[in-house]
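First up is the structure itself, then whatever we jot down about it.
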Amino acid sequence: MDETGLTSLLPHLPVSWFADLAPAAAFIRDADGRYLWANHAYAHLYGTTRARVIGRYVHDIDAPADAEQVLALDQEVLARGKPVRHTLIYHRADGTSGHAAGHRFPVREGTRMCVAGIYIDISDYTRALQQRREAEESLCALRDHSGLPCAQISAGGRILQASAAAAELLGTRLSDLVGRRADTLLAPAPELLALRRGWHALIGRRSRRIQTSAVLVDARGRQRRARLHLTTVGRSAERATSVWALVTHQSLAHEVYPPLTAAQVRILALLAAGRSNAEIAASLHLSRQTVDYHLSRLRDLLDAPTRCALVARAYVLGILAPQTWPPRSATAGHPHSAT
């Protein structure tokens, strides 16, 4: 049938034909709760047919508790003479419950005032909201009780939410941390450039997660090197909406010390490996006197009176990478890993 033929037919189709087949559930009941009319969608809510609904009473269709609620709402509409919008819970024949939202309003059928209603089944939507709330509650519980410093950072670089452990790590209040730009918590460090490249890869969806490191600055201006795990959030095809940042390892907080040279870091790594001053000098092609000078200078910079203390300080300050052998710098030759 062409468009002209369909248009000419529409005026001759009864309105009830559209109501019967409408996807929204609809009904008309009299003041006693007897169904005068119901469409297929309404009967489907209860797992039955409209022929088995029309002519029966509310108590024949609904469970006793539900029937009392239904009749009370009907009487409210009849008493007020105005439409009422609400959301209700109903029970199906198999015992499962559903949610519906819609309007109930007075209508006149001949000489009688009756109640009509039209509803949309929102059971799937309500279930999805409940699952989302449960997931958010689980995430909040994990965030708050894991003891791990973590924060959700927007694509624009602002902290959306954070754990109490993150606020404690940075020596600030949680309320002061949320809303702050994340880059204000980073100190200039050799790995900062790699972190920025990794961040852009995450936001641009070129990576889903990365592992890297950064030097964090707390409220007192102290620094500590931290191992970061960054994971994208959001399902946009082009950009991530936010990133979760998790700190898994952290060094001891310390006052800012002058940046070490590459030679000084290498000397610390060889010292941690158990090399003598002479072996360090030979390995780096330096004189013994130069190595002695660097070690003396390092003890002053890192406030370490002995060789053992110097090695320990190098690890707790994050200068040397933990859990690696042979010892090496925490930053040099250690690019972020991504997937």
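In the structure tokens, chains take the letters A, B, ... in the order shown, each chain's residues start at 1, and ligands count up from 1 in the order shown.
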
Neighbour list for Ala67 of chain A as a ChimeraX atom specification, cut-off 10 Å, only C-alpha atoms, skip fewer than 4 positions in-chain: /A:33,57-63,71-73,90

Hey, could you make a per-residue contact list for segment 130-197 of chain A against segment 207-231 of chain A with 7 Å as the cut-off, showing the nearest pair of atoms and its distance in Å to one decimal, counting only C-alpha atoms, sorted by chain and number, as CSV?
```
residue,atom,partner,partner_atom,distance
A:Leu170,CA,A:Asp218,CA,4.2
A:Gly171,CA,A:Ala219,CA,5.3
A:Thr172,CA,A:Ala219,CA,6.1
A:Leu185,CA,A:Val217,CA,5.2
A:Leu186,CA,A:Leu216,CA,4.8
A:Ala187,CA,A:Val215,CA,5.4
A:Ala189,CA,A:Val215,CA,6.5
A:Glu191,CA,A:Ala214,CA,6.2
A:Leu192,CA,A:Ala214,CA,6.3
A:Leu195,CA,A:Thr212,CA,6.6
```

Atomic separation - atom CA of Ala116 of chain A relative to atom CA of Ala19 of chain A, Å: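 Computing the Euclidean distance for atom CA of Ala19 of chain A and atom CA of Ala116 of chain A yields 12.3 Å.
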
Atom CA of Ile280 of chain A to atom CA of Leu268 of chain A, distance in Å rounded to a single decimal: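 Distance between the two atoms: 9.5 Å.
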
Residues within 6 Å of segment 100-111 of chain A, please, as a list in words. Count only C-alpha atoms; anything in the same chain fewer than 3 positions from it doesn't count.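 Residues near the query, excluding close chain neighbours: Pro83, Val84, Arg85, His86, Thr87, Leu88, Cys114, Val115, Ala116, Gly117, Ile118, Tyr119, Ile120, Asp121 and Ile122 of chain A.
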
Residue with smallest distance to Arg34 of chain A - pool A:Pro64, A:Gly47, A:Gly55, A:Gly98, counting only C-alpha atoms: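 Using only C-alpha atoms, Arg34 of chain A sits closest to A:Gly55.
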
Shell of 9 Å around segment 149-158 of chain A, only C-alpha atoms, local chain residues under 6 positions omitted, as a VMD selection string: chain A and resid 143 164 to 169 178 to 183 203 233 239 to 248

Leaving out Gln264 of chain A and any residue of its chain fewer than 2 positions from it, which residues lie within 12 Å of it when counting only C-alpha atoms, given as an NGL selection string? :A and (258-262 or 266-271 or 280-281 or 284 or 286 or 290-299 or 301-302 or 310 or 314 or 319-320 or 328-329)

A:Gln69, A:Ser146, A:Asn39, A:Gln161 ranked by distance to Ala26 of chain A, top pick (using only C-alpha atoms): A:Asn39

Can you list, as a PyMOL selection string, every residue of segment 151-309 of chain A that DSSP puts in strand (DSSP E)? chain A and resi 151-154+159-162+209-217+223-233+242-250

Mind giving me the straight-line distance from atom CA of Ser276 of chain A to atom CA of Ala253 of chain A in Å, one decimal?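 Going from atom CA of Ser276 of chain A over to atom CA of Ala253 of chain A covers 29.2 Å.
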